[in-house]
file entry-v7.pdb (PDB, C-alpha atoms, pLDDT in the B column)
ATOM      1  CA  MET A  30       5.983  40.296 302.796  1.00 90.00           C
ATOM      2  CA  ILE A  31       7.275  39.860 299.234  1.00 95.00           C
ATOM      3  CA  ALA A  32       4.541  41.690 297.322  1.00 97.00           C
ATOM      4  CA  ARG A  33       1.196  43.500 297.489  1.00 97.00           C
ATOM      5  CA  PHE A  34      -2.021  42.535 295.702  1.00 98.00           C
ATOM      6  CA  LYS A  35      -2.458  44.885 292.701  1.00 97.00           C
ATOM      7  CA  ASP A  36      -5.648  44.047 290.744  1.00 97.00           C
ATOM      8  CA  LEU A  37      -7.456  41.420 288.662  1.00 98.00           C
ATOM      9  CA  CYS A  38      -7.214  40.667 284.931  1.00 98.00           C
ATOM     10  CA  LEU A  39      -9.896  38.908 282.888  1.00 98.00           C
ATOM     11  CA  ASP A  40      -9.238  37.346 279.471  1.00 98.00           C
ATOM     12  CA  ALA A  41     -11.863  38.181 276.860  1.00 98.00           C
ATOM     13  CA  ALA A  42     -12.741  37.672 273.212  1.00 97.00           C
ATOM     14  CA  ASP A  43     -14.507  41.063 273.251  1.00 97.00           C
ATOM     15  CA  PRO A  44     -13.066  43.291 276.013  1.00 97.00           C
ATOM     16  CA  LEU A  45     -15.407  46.206 275.286  1.00 97.00           C
ATOM     17  CA  ALA A  46     -18.563  44.107 275.569  1.00 97.00           C
ATOM     18  CA  LEU A  47     -17.350  42.088 278.551  1.00 98.00           C
ATOM     19  CA  GLY A  48     -16.011  45.186 280.285  1.00 97.00           C
ATOM     20  CA  GLY A  49     -19.382  46.853 279.797  1.00 97.00           C
ATOM     21  CA  PHE A  50     -21.141  43.889 281.388  1.00 98.00           C
ATOM     22  CA  TRP A  51     -18.918  43.900 284.471  1.00 98.00           C
ATOM     23  CA  ALA A  52     -19.248  47.669 284.745  1.00 97.00           C
ATOM     24  CA  ARG A  53     -23.021  47.247 284.919  1.00 96.00           C
ATOM     25  CA  LEU A  54     -22.660  44.595 287.628  1.00 95.00           C
ATOM     26  CA  LEU A  55     -20.169  46.572 289.700  1.00 95.00           C
ATOM     27  CA  ASP A  56     -21.637  50.044 289.107  1.00 94.00           C
ATOM     28  CA  GLY A  57     -18.407  51.024 287.459  1.00 96.00           C
ATOM     29  CA  ASP A  58     -16.922  52.952 284.568  1.00 97.00           C
ATOM     30  CA  VAL A  59     -15.215  51.414 281.547  1.00 97.00           C
ATOM     31  CA  ALA A  60     -11.847  52.925 280.617  1.00 96.00           C
ATOM     32  CA  ASP A  61      -9.945  52.401 277.368  1.00 94.00           C
ATOM     33  CA  ALA A  62      -6.739  50.581 278.359  1.00 91.00           C
ATOM     34  CA  GLY A  63      -5.290  50.575 274.830  1.00 88.00           C
ATOM     35  CA  ASP A  64      -4.564  47.679 272.457  1.00 88.00           C
ATOM     36  CA  ASP A  65      -8.308  46.759 272.424  1.00 91.00           C
ATOM     37  CA  ASP A  66      -8.241  46.209 276.214  1.00 96.00           C
ATOM     38  CA  THR A  67     -10.529  47.862 278.735  1.00 97.00           C
ATOM     39  CA  ARG A  68     -10.572  48.429 282.493  1.00 98.00           C
ATOM     40  CA  VAL A  69     -13.542  48.387 284.849  1.00 98.00           C
ATOM     41  CA  ASP A  70     -13.287  50.871 287.731  1.00 97.00           C
ATOM     42  CA  PRO A  71     -16.067  50.426 290.344  1.00 95.00           C
ATOM     43  CA  ARG A  72     -17.296  53.855 291.456  1.00 93.00           C
ATOM     44  CA  SER A  73     -17.464  52.823 295.102  1.00 89.00           C
ATOM     45  CA  ALA A  74     -13.970  51.258 295.103  1.00 90.00           C
ATOM     46  CA  ARG A  75     -11.872  51.882 298.182  1.00 91.00           C
ATOM     47  CA  SER A  76      -8.625  51.285 296.247  1.00 94.00           C
ATOM     48  CA  ASN A  77      -7.325  50.725 292.721  1.00 95.00           C
ATOM     49  CA  ALA A  78      -7.003  47.025 293.610  1.00 96.00           C
ATOM     50  CA  GLU A  79     -10.744  46.662 292.928  1.00 97.00           C
ATOM     51  CA  SER A  80     -10.245  47.478 289.232  1.00 97.00           C
ATOM     52  CA  ILE A  81     -10.545  44.667 286.696  1.00 98.00           C
ATOM     53  CA  TRP A  82      -8.469  44.807 283.514  1.00 98.00           C
ATOM     54  CA  VAL A  83     -10.257  43.073 280.626  1.00 98.00           C
ATOM     55  CA  ASN A  84      -7.673  41.882 278.113  1.00 97.00           C
ATOM     56  CA  LYS A  85      -8.187  40.628 274.577  1.00 97.00           C
ATOM     57  CA  VAL A  86      -6.866  37.123 273.915  1.00 96.00           C
ATOM     58  CA  PRO A  87      -7.079  34.983 270.760  1.00 95.00           C
ATOM     59  CA  GLU A  88      -7.846  31.663 272.442  1.00 94.00           C
ATOM     60  CA  PRO A  89     -11.464  30.720 273.283  1.00 93.00           C
ATOM     61  CA  ARG A  90     -12.604  29.949 276.785  1.00 93.00           C
ATOM     62  CA  VAL A  91     -12.410  26.214 277.562  1.00 92.00           C
ATOM     63  CA  GLY A  92     -12.677  24.179 280.732  1.00 90.00           C
ATOM     64  CA  LYS A  93     -14.023  24.975 284.165  1.00 91.00           C
ATOM     65  CA  THR A  94     -13.798  28.408 285.770  1.00 94.00           C
ATOM     66  CA  ARG A  95     -11.130  27.874 288.453  1.00 97.00           C
ATOM     67  CA  VAL A  96     -10.865  31.473 289.657  1.00 98.00           C
ATOM     68  CA  HIS A  97     -14.007  33.502 290.320  1.00 98.00           C
ATOM     69  CA  LEU A  98     -15.484  36.314 292.380  1.00 98.00           C
ATOM     70  CA  ASP A  99     -18.239  35.991 294.974  1.00 98.00           C
ATOM     71  CA  LEU A 100     -20.596  38.980 294.872  1.00 97.00           C
ATOM     72  CA  ARG A 101     -22.939  40.284 297.538  1.00 96.00           C
ATOM     73  CA  LEU A 102     -26.266  41.372 296.030  1.00 96.00           C
ATOM     74  CA  ALA A 103     -28.068  44.629 296.776  1.00 93.00           C
ATOM     75  CA  GLY A 104     -31.309  42.658 297.297  1.00 93.00           C
ATOM     76  CA  THR A 105     -32.608  39.162 297.828  1.00 93.00           C
ATOM     77  CA  ASP A 106     -32.118  37.686 294.337  1.00 94.00           C
ATOM     78  CA  PRO A 107     -29.943  38.216 291.244  1.00 96.00           C
ATOM     79  CA  ALA A 108     -32.710  39.493 288.952  1.00 96.00           C
ATOM     80  CA  PRO A 109     -30.872  42.798 288.213  1.00 95.00           C
ATOM     81  CA  LEU A 110     -27.765  40.847 287.201  1.00 96.00           C
ATOM     82  CA  LEU A 111     -29.780  38.645 284.878  1.00 97.00           C
ATOM     83  CA  ALA A 112     -31.298  41.759 283.349  1.00 96.00           C
ATOM     84  CA  ALA A 113     -27.766  43.082 282.803  1.00 95.00           C
ATOM     85  CA  GLY A 114     -26.864  40.015 280.730  1.00 96.00           C
ATOM     86  CA  ALA A 115     -25.827  37.290 283.170  1.00 98.00           C
ATOM     87  CA  ARG A 116     -27.167  33.758 282.768  1.00 98.00           C
ATOM     88  CA  LEU A 117     -28.354  31.575 285.643  1.00 98.00           C
ATOM     89  CA  VAL A 118     -26.539  28.235 286.035  1.00 97.00           C
ATOM     90  CA  ARG A 119     -27.758  27.079 289.437  1.00 97.00           C
ATOM     91  CA  GLU A 120     -30.298  28.147 292.041  1.00 96.00           C
ATOM     92  CA  PRO A 121     -29.554  27.893 295.779  1.00 95.00           C
ATOM     93  CA  ALA A 122     -29.989  24.334 297.049  1.00 92.00           C
ATOM     94  CA  GLY A 123     -29.431  22.805 300.477  1.00 91.00           C
ATOM     95  CA  GLU A 124     -26.364  24.259 302.188  1.00 87.00           C
ATOM     96  CA  ALA A 125     -25.379  26.040 298.964  1.00 90.00           C
ATOM     97  CA  THR A 126     -27.293  29.248 299.660  1.00 94.00           C
ATOM     98  CA  TRP A 127     -25.969  31.125 296.635  1.00 96.00           C
ATOM     99  CA  TRP A 128     -26.740  31.450 292.946  1.00 98.00           C
ATOM    100  CA  VAL A 129     -24.175  30.472 290.311  1.00 98.00           C
ATOM    101  CA  LEU A 130     -24.228  32.697 287.210  1.00 98.00           C
ATOM    102  CA  VAL A 131     -22.069  33.163 284.139  1.00 98.00           C
ATOM    103  CA  ASP A 132     -21.113  36.331 282.300  1.00 98.00           C
ATOM    104  CA  PRO A 133     -21.618  36.708 278.516  1.00 97.00           C
ATOM    105  CA  GLU A 134     -18.367  34.831 277.785  1.00 97.00           C
ATOM    106  CA  GLY A 135     -19.183  31.926 280.100  1.00 97.00           C
ATOM    107  CA  ASN A 136     -17.101  32.867 283.154  1.00 97.00           C
ATOM    108  CA  GLU A 137     -18.803  31.682 286.338  1.00 97.00           C
ATOM    109  CA  PHE A 138     -19.314  33.759 289.474  1.00 98.00           C
ATOM    110  CA  CYS A 139     -21.396  33.318 292.622  1.00 98.00           C
ATOM    111  CA  THR A 140     -23.922  35.730 294.118  1.00 97.00           C
ATOM    112  CA  PHE A 141     -25.189  35.896 297.689  1.00 97.00           C
ATOM    113  CA  ALA A 142     -28.277  37.667 299.042  1.00 95.00           C
ATOM    114  CA  ALA A 143     -27.815  41.014 300.784  1.00 94.00           C
ATOM    115  CA  ARG A 144     -26.893  40.873 304.453  1.00 89.00           C
ATOM    116  CA  LYS A 145     -27.094  43.604 307.071  1.00 89.00           C
ATOM    117  CA  GLY A 146     -23.841  45.479 307.468  1.00 86.00           C
ATOM    118  CA  THR A 147     -22.456  44.527 304.040  1.00 88.00           C
ATOM    119  CA  ARG A 148     -22.180  46.448 300.790  1.00 90.00           C
ATOM    120  CA  PRO A 149     -23.083  45.155 297.322  1.00 93.00           C
ATOM    121  CA  GLY A 150     -20.256  43.892 295.137  1.00 95.00           C
ATOM    122  CA  PRO A 151     -17.326  41.484 295.424  1.00 96.00           C
ATOM    123  CA  PHE A 152     -16.392  40.248 298.876  1.00 96.00           C
ATOM    124  CA  GLU A 153     -14.334  37.119 298.102  1.00 97.00           C
ATOM    125  CA  LEU A 154     -11.901  35.920 295.458  1.00 98.00           C
ATOM    126  CA  VAL A 155     -12.166  32.123 295.134  1.00 98.00           C
ATOM    127  CA  VAL A 156      -9.503  29.826 293.640  1.00 98.00           C
ATOM    128  CA  ASP A 157      -9.922  26.078 293.072  1.00 98.00           C
ATOM    129  CA  SER A 158      -7.168  24.135 294.785  1.00 97.00           C
ATOM    130  CA  ALA A 159      -5.861  20.602 295.294  1.00 96.00           C
ATOM    131  CA  ASP A 160      -4.412  21.572 298.689  1.00 97.00           C
ATOM    132  CA  PRO A 161      -6.257  24.630 300.039  1.00 97.00           C
ATOM    133  CA  VAL A 162      -4.247  25.004 303.239  1.00 97.00           C
ATOM    134  CA  ALA A 163      -0.908  24.802 301.431  1.00 97.00           C
ATOM    135  CA  GLN A 164      -2.052  27.348 298.836  1.00 98.00           C
ATOM    136  CA  ALA A 165      -3.453  29.770 301.412  1.00 98.00           C
ATOM    137  CA  THR A 166      -0.295  29.439 303.487  1.00 98.00           C
ATOM    138  CA  TRP A 167       1.918  30.084 300.450  1.00 98.00           C
ATOM    139  CA  TRP A 168       0.043  33.221 299.431  1.00 98.00           C
ATOM    140  CA  ALA A 169      -0.047  34.487 303.021  1.00 98.00           C
ATOM    141  CA  GLY A 170       3.726  34.066 302.973  1.00 97.00           C
ATOM    142  CA  VAL A 171       3.893  36.232 299.858  1.00 98.00           C
ATOM    143  CA  LEU A 172       1.362  38.949 300.746  1.00 98.00           C
ATOM    144  CA  GLY A 173       1.043  38.594 304.500  1.00 97.00           C
ATOM    145  CA  GLY A 174      -2.270  37.970 306.224  1.00 97.00           C
ATOM    146  CA  THR A 175      -3.894  35.308 308.381  1.00 97.00           C
ATOM    147  CA  VAL A 176      -4.825  31.791 307.244  1.00 97.00           C
ATOM    148  CA  GLU A 177      -8.086  30.191 308.366  1.00 96.00           C
ATOM    149  CA  ASP A 178      -8.482  26.424 307.844  1.00 94.00           C
ATOM    150  CA  GLU A 179     -12.151  25.552 307.211  1.00 86.00           C
ATOM    151  CA  SER A 180     -11.758  21.837 306.384  1.00 84.00           C
ATOM    152  CA  THR A 181     -13.007  21.915 302.768  1.00 89.00           C
ATOM    153  CA  HIS A 182     -11.359  25.245 302.068  1.00 94.00           C
ATOM    154  CA  ALA A 183      -8.873  27.718 303.500  1.00 98.00           C
ATOM    155  CA  ALA A 184      -8.998  31.495 303.451  1.00 98.00           C
ATOM    156  CA  VAL A 185      -6.553  34.360 303.747  1.00 98.00           C
ATOM    157  CA  SER A 186      -7.617  37.648 305.340  1.00 97.00           C
ATOM    158  CA  GLY A 187      -5.611  40.822 305.752  1.00 97.00           C
ATOM    159  CA  ALA A 188      -3.229  40.248 302.826  1.00 98.00           C
ATOM    160  CA  ALA A 189      -1.342  43.367 301.744  1.00 97.00           C
ATOM    161  CA  GLY A 190      -3.384  45.361 299.235  1.00 97.00           C
ATOM    162  CA  PHE A 191      -6.155  42.748 299.031  1.00 98.00           C
ATOM    163  CA  PRO A 192      -9.395  44.765 298.722  1.00 97.00           C
ATOM    164  CA  TRP A 193     -12.012  42.194 299.744  1.00 96.00           C
ATOM    165  CA  ASP A 194     -12.874  40.260 302.887  1.00 96.00           C
ATOM    166  CA  TYR A 195     -11.376  36.871 302.018  1.00 97.00           C
ATOM    167  CA  TRP A 196      -9.135  35.153 299.505  1.00 98.00           C
ATOM    168  CA  VAL A 197     -10.581  31.633 299.474  1.00 98.00           C
ATOM    169  CA  PHE A 198      -8.854  28.471 298.256  1.00 98.00           C
ATOM    170  CA  ALA A 199     -11.544  25.837 297.721  1.00 97.00           C
ATOM    171  CA  GLY A 200     -10.733  22.146 297.581  1.00 96.00           C
ATOM    172  CA  VAL A 201     -11.616  20.416 294.291  1.00 96.00           C
ATOM    173  CA  PRO A 202     -10.741  16.936 292.957  1.00 95.00           C
ATOM    174  CA  GLU A 203      -9.942  17.888 289.371  1.00 94.00           C
ATOM    175  CA  PRO A 204      -6.480  19.238 288.420  1.00 93.00           C
ATOM    176  CA  LYS A 205      -5.785  22.479 286.585  1.00 95.00           C
ATOM    177  CA  THR A 206      -5.399  21.770 282.865  1.00 93.00           C
ATOM    178  CA  VAL A 207      -5.713  25.118 281.035  1.00 95.00           C
ATOM    179  CA  LYS A 208      -4.758  28.755 281.580  1.00 95.00           C
ATOM    180  CA  ASN A 209      -6.986  30.627 284.021  1.00 97.00           C
ATOM    181  CA  ARG A 210      -9.185  33.237 282.342  1.00 97.00           C
ATOM    182  CA  LEU A 211      -9.123  35.330 285.514  1.00 98.00           C
ATOM    183  CA  HIS A 212      -5.807  36.036 287.235  1.00 98.00           C
ATOM    184  CA  TRP A 213      -4.373  38.528 289.702  1.00 98.00           C
ATOM    185  CA  ASP A 214      -1.410  40.890 289.579  1.00 98.00           C
ATOM    186  CA  VAL A 215       0.971  41.804 292.386  1.00 98.00           C
ATOM    187  CA  ASP A 216       3.379  44.693 292.989  1.00 97.00           C
ATOM    188  CA  LEU A 217       6.797  43.503 294.125  1.00 97.00           C
ATOM    189  CA  VAL A 218       8.633  44.940 297.106  1.00 96.00           C
ATOM    190  CA  ASP A 219      12.031  44.287 295.451  1.00 96.00           C
ATOM    191  CA  PRO A 220      13.023  45.254 291.886  1.00 95.00           C
ATOM    192  CA  GLU A 221      12.971  41.617 290.695  1.00 96.00           C
ATOM    193  CA  PRO A 222      10.926  38.505 291.627  1.00 97.00           C
ATOM    194  CA  THR A 223      13.889  36.575 293.041  1.00 97.00           C
ATOM    195  CA  ALA A 224      12.239  36.154 296.459  1.00 97.00           C
ATOM    196  CA  LEU A 225       9.048  34.856 294.817  1.00 97.00           C
ATOM    197  CA  ILE A 226      10.963  32.276 292.813  1.00 97.00           C
ATOM    198  CA  ASP A 227      12.970  31.264 295.883  1.00 97.00           C
ATOM    199  CA  ALA A 228       9.643  30.796 297.719  1.00 97.00           C
ATOM    200  CA  GLY A 229       8.377  28.358 295.063  1.00 97.00           C
ATOM    201  CA  ALA A 230       6.933  30.406 292.193  1.00 98.00           C
ATOM    202  CA  THR A 231       7.747  29.360 288.615  1.00 98.00           C
ATOM    203  CA  LEU A 232       8.917  31.965 286.108  1.00 98.00           C
ATOM    204  CA  LEU A 233       6.888  31.703 282.883  1.00 98.00           C
ATOM    205  CA  ARG A 234       7.964  34.879 281.069  1.00 96.00           C
ATOM    206  CA  GLU A 235      10.461  37.700 281.506  1.00 96.00           C
ATOM    207  CA  PRO A 236       9.522  41.350 280.791  1.00 93.00           C
ATOM    208  CA  HIS A 237       9.754  42.267 277.110  1.00 90.00           C
ATOM    209  CA  ASP A 238       8.936  45.245 274.889  1.00 84.00           C
ATOM    210  CA  ARG A 239       6.160  47.249 276.615  1.00 82.00           C
ATOM    211  CA  ALA A 240       5.279  44.356 278.923  1.00 85.00           C
ATOM    212  CA  ARG A 241       7.323  45.472 281.916  1.00 91.00           C
ATOM    213  CA  TRP A 242       6.128  42.672 284.178  1.00 96.00           C
ATOM    214  CA  TRP A 243       7.057  39.062 284.885  1.00 97.00           C
ATOM    215  CA  VAL A 244       4.550  36.243 284.389  1.00 98.00           C
ATOM    216  CA  LEU A 245       4.820  33.565 287.062  1.00 98.00           C
ATOM    217  CA  ALA A 246       2.835  30.615 288.406  1.00 98.00           C
ATOM    218  CA  ASP A 247       2.176  29.690 292.023  1.00 98.00           C
ATOM    219  CA  PRO A 248       2.818  26.136 293.353  1.00 98.00           C
ATOM    220  CA  GLU A 249      -0.440  24.847 291.810  1.00 98.00           C
ATOM    221  CA  GLY A 250       0.154  26.498 288.442  1.00 97.00           C
ATOM    222  CA  ASN A 251      -2.084  29.561 288.781  1.00 98.00           C
ATOM    223  CA  GLU A 252      -0.699  32.290 286.558  1.00 98.00           C
ATOM    224  CA  PHE A 253      -0.105  35.770 287.970  1.00 98.00           C
ATOM    225  CA  CYS A 254       1.822  38.856 286.923  1.00 98.00           C
ATOM    226  CA  ALA A 255       4.422  40.586 289.082  1.00 98.00           C
ATOM    227  CA  PHE A 256       5.240  44.269 288.561  1.00 97.00           C
ATOM    228  CA  PRO A 257       8.368  46.087 289.728  1.00 95.00           C
ATOM    229  CA  PRO A 258       7.939  48.634 292.520  1.00 91.00           C
ATOM    230  CA  HIS A 259       6.530  52.000 291.513  1.00 77.00           C
ATOM    231  CA  PRO A 260       9.192  54.725 291.345  1.00 63.00           C
ATOM    232  CA  ILE A 261       9.039  57.271 294.163  1.00 51.00           C
ATOM    233  CA  GLY A 262       8.745  60.935 293.296  1.00 42.00           C
TER     234      GLY A 262
END
call {"tool": "encode", "arguments": {"input": "entry-v7.pdb", "output": "structure tokens"}}
result
Amino acid sequence: MIARFKDLCLDAADPLALGGFWARLLDGDVADAGDDDTRVDPRSARSNAESIWVNKVPEPRVGKTRVHLDLRLAGTDPAPLLAAGARLVREPAGEATWWVLVDPEGNEFCTFAARKGTRPGPFELVVDSADPVAQATWWAGVLGGTVEDESTHAAVSGAAGFPWDYWVFAGVPEPKTVKNRLHWDVDLVDPEPTALIDAGATLLREPHDRARWWVLADPEGNEFCAFPPHPIG
């Protein structure tokens, strides 16, 4: 294991408004993260890894959503989410038994009807991929966990620090062309990301000023941030 999953970060034009929307969806609180950023802390979270940092960026959202959350509903349809400000993109159809919605800034996410024995809220993180098995295997090598090959997609379960049921890599034909609006952070085991880079990650930015983390990309170009280990004591 090279690192542990830390949390998610969502780019936003208006972090306060977008953070408020996601707080309504996740029954969470909005915290001031400084520098116009916010953080959504779900009240029922089992770890800090379920928090979502909402960060202000100057560039507008363009292109397809390549990283998204799958949410389990409290009921049989997403009416409460629509009332909270989501917009419906697609109804369930055929084998696709879920609704596709977008948040106020156009970021897609999927919602599934309640199921016995589950709790409402996120249960999967989904990443578009050209080679799902290779991506799942790479991230399982970084965070640990078990890889399941499901033909059209692959999933990792049991990754260190990962707070949801599955980390899904879904096969898509189109390549990644722009920065992901949603990305994840990891906490390193070692003081520097040398092992990550040796494993195939690309270094995009060194720590600087108050940004004490490294920005890297995985083998398919998905950006993520790597933080040094927390000091003990």
call {"tool": "resolve_selection", "arguments": {"input": "entry-v7.pdb", "expression": "the PyMOL selection byres ((chain A and resi 178-185) around 12)", "output": "ChimeraX atom specification"}}
result
/A:153-177,186-189,191-202
call {"tool": "closest_residue", "arguments": {"input": "entry-v7.pdb", "among": "A:Glu221, A:Val96, A:Ala246, A:Leu54", "to": "Leu233 (chain A)", "atoms": "all atoms listed in the file"}}
result
A:Ala246
call {"tool": "closest_residue", "arguments": {"input": "entry-v7.pdb", "among": "A:Glu88, A:Glu120, A:Asp247, A:Glu252", "to": "Leu225 (chain A)", "atoms": "all atoms listed in the file"}}
result
A:Asp247
call {"tool": "resolve_selection", "arguments": {"input": "entry-v7.pdb", "expression": "the PyMOL selection byres ((chain A and resi 242) around 8)", "output": "list in words"}}
result
Glu235, Pro236, His237, Ala240, Arg241, Trp243, Val244, Cys254, Ala255, Phe256 and Pro257 of chain A
call {"tool": "resolve_selection", "arguments": {"input": "entry-v7.pdb", "expression": "the PyMOL selection byres ((chain A and resi 102) around 8)", "output": "list in words"}}
result
Leu100, Arg101, Ala103, Gly104, Thr105, Asp106, Pro107, Thr140, Phe141, Ala142, Ala143, Pro149 and Gly150 of chain A
call {"tool": "atom_distance", "arguments": {"input": "entry-v7.pdb", "atom1": "CA of Val86 (chain A)", "atom2": "CA of Val59 (chain A)"}}
result
18.2 Å
call {"tool": "axis_aligned_box", "arguments": {"input": "entry-v7.pdb", "around": "region 151-158 of chain A", "padding_each_side": "4 Å", "output": "AutoDock Vina command-line options"}}
result
--center_x -12.2 --center_y 32.8 --center_z 296.0 --size_x 18.2 --size_y 25.3 --size_z 13.8
call {"tool": "closest_residue", "arguments": {"input": "entry-v7.pdb", "among": "A:Ser73, A:Val207, A:Ala113, A:Ala32", "to": "Ala46 (chain A)", "atoms": "all atoms listed in the file"}}
result
A:Ala113
call {"tool": "atom_distance", "arguments": {"input": "entry-v7.pdb", "atom1": "CA of Leu232 (chain A)", "atom2": "CA of Met30 (chain A)"}}
result
18.9 Å
call {"tool": "atom_distance", "arguments": {"input": "entry-v7.pdb", "atom1": "CA of Gly92 (chain A)", "atom2": "CA of Gly114 (chain A)"}}
result
21.3 Å
call {"tool": "closest_residue", "arguments": {"input": "entry-v7.pdb", "among": "A:Lys85, A:Lys208, A:Arg72, A:Arg33", "to": "Gly57 (chain A)", "atoms": "only C-alpha atoms"}}
result
A:Arg72
call {"tool": "residues_around", "arguments": {"input": "entry-v7.pdb", "residues": "Ala115 (chain A)", "least_positions_apart": "2", "cutoff": "6 Å", "atoms": "all atoms listed in the file", "output": "PyMOL selection string"}}
result
chain A and resi 110-111+131-132
call {"tool": "closest_residue", "arguments": {"input": "entry-v7.pdb", "among": "A:Phe50, A:Phe152, A:Phe253, A:Trp127", "to": "Val215 (chain A)", "atoms": "all atoms listed in the file"}}
result
A:Phe253
call {"tool": "closest_residue", "arguments": {"input": "entry-v7.pdb", "among": "A:Thr147, A:Lys205, A:Leu98, A:Leu117", "to": "Pro133 (chain A)", "atoms": "all atoms listed in the file"}}
result
A:Leu117
call {"tool": "residues_around", "arguments": {"input": "entry-v7.pdb", "residues": "region 37-43 of chain A", "least_positions_apart": "3", "cutoff": "8 Å", "atoms": "all atoms listed in the file", "output": "PyMOL selection string"}}
result
chain A and resi 46-47+78-89+134+210-214
call {"tool": "build_atoms", "arguments": {"input": "entry-v7.pdb", "residues": "region 46-58 of chain A", "atoms": "N, CA, C and O atoms", "output": "PDB file, keeping the file's coordinate frame"}}
result
ATOM      1  N   ALA A  46     -17.263  44.643 275.160  1.00 97.00           N
ATOM      2  CA  ALA A  46     -18.563  44.107 275.569  1.00 97.00           C
ATOM      3  C   ALA A  46     -18.492  43.504 276.967  1.00 97.00           C
ATOM      4  O   ALA A  46     -19.365  43.744 277.807  1.00 97.00           O
ATOM      5  N   LEU A  47     -17.446  42.726 277.242  1.00 98.00           N
ATOM      6  CA  LEU A  47     -17.350  42.088 278.551  1.00 98.00           C
ATOM      7  C   LEU A  47     -17.074  43.119 279.641  1.00 98.00           C
ATOM      8  O   LEU A  47     -17.616  43.026 280.755  1.00 98.00           O
ATOM      9  N   GLY A  48     -16.249  44.113 279.328  1.00 97.00           N
ATOM     10  CA  GLY A  48     -16.011  45.186 280.285  1.00 97.00           C
ATOM     11  C   GLY A  48     -17.292  45.950 280.587  1.00 97.00           C
ATOM     12  O   GLY A  48     -17.556  46.305 281.741  1.00 97.00           O
ATOM     13  N   GLY A  49     -18.114  46.171 279.570  1.00 97.00           N
ATOM     14  CA  GLY A  49     -19.382  46.853 279.797  1.00 97.00           C
ATOM     15  C   GLY A  49     -20.303  46.053 280.699  1.00 97.00           C
ATOM     16  O   GLY A  49     -21.001  46.620 281.555  1.00 97.00           O
ATOM     17  N   PHE A  50     -20.316  44.734 280.527  1.00 98.00           N
ATOM     18  CA  PHE A  50     -21.141  43.889 281.388  1.00 98.00           C
ATOM     19  C   PHE A  50     -20.706  43.997 282.846  1.00 98.00           C
ATOM     20  O   PHE A  50     -21.516  44.219 283.745  1.00 98.00           O
ATOM     21  N   TRP A  51     -19.399  43.846 283.091  1.00 98.00           N
ATOM     22  CA  TRP A  51     -18.918  43.900 284.471  1.00 98.00           C
ATOM     23  C   TRP A  51     -19.067  45.292 285.071  1.00 98.00           C
ATOM     24  O   TRP A  51     -19.279  45.435 286.278  1.00 98.00           O
ATOM     25  N   ALA A  52     -19.002  46.315 284.242  1.00 97.00           N
ATOM     26  CA  ALA A  52     -19.248  47.669 284.745  1.00 97.00           C
ATOM     27  C   ALA A  52     -20.694  47.816 285.207  1.00 97.00           C
ATOM     28  O   ALA A  52     -20.966  48.475 286.220  1.00 97.00           O
ATOM     29  N   ARG A  53     -21.620  47.201 284.485  1.00 96.00           N
ATOM     30  CA  ARG A  53     -23.021  47.247 284.919  1.00 96.00           C
ATOM     31  C   ARG A  53     -23.199  46.511 286.251  1.00 96.00           C
ATOM     32  O   ARG A  53     -23.917  46.978 287.141  1.00 96.00           O
ATOM     33  N   LEU A  54     -22.535  45.359 286.395  1.00 95.00           N
ATOM     34  CA  LEU A  54     -22.660  44.595 287.628  1.00 95.00           C
ATOM     35  C   LEU A  54     -22.044  45.314 288.822  1.00 95.00           C
ATOM     36  O   LEU A  54     -22.595  45.273 289.928  1.00 95.00           O
ATOM     37  N   LEU A  55     -20.932  45.986 288.600  1.00 95.00           N
ATOM     38  CA  LEU A  55     -20.169  46.572 289.700  1.00 95.00           C
ATOM     39  C   LEU A  55     -20.394  48.072 289.842  1.00 95.00           C
ATOM     40  O   LEU A  55     -19.708  48.729 290.631  1.00 95.00           O
ATOM     41  N   ASP A  56     -21.376  48.607 289.088  1.00 94.00           N
ATOM     42  CA  ASP A  56     -21.637  50.044 289.107  1.00 94.00           C
ATOM     43  C   ASP A  56     -20.332  50.794 288.873  1.00 94.00           C
ATOM     44  O   ASP A  56     -19.901  51.638 289.659  1.00 94.00           O
ATOM     45  N   GLY A  57     -19.713  50.459 287.754  1.00 96.00           N
ATOM     46  CA  GLY A  57     -18.407  51.024 287.459  1.00 96.00           C
ATOM     47  C   GLY A  57     -18.350  51.732 286.125  1.00 96.00           C
ATOM     48  O   GLY A  57     -19.327  51.771 285.366  1.00 96.00           O
ATOM     49  N   ASP A  58     -17.198  52.292 285.841  1.00 97.00           N
ATOM     50  CA  ASP A  58     -16.922  52.952 284.568  1.00 97.00           C
ATOM     51  C   ASP A  58     -15.960  52.096 283.767  1.00 97.00           C
ATOM     52  O   ASP A  58     -15.098  51.406 284.332  1.00 97.00           O
TER      53      ASP A  58
END
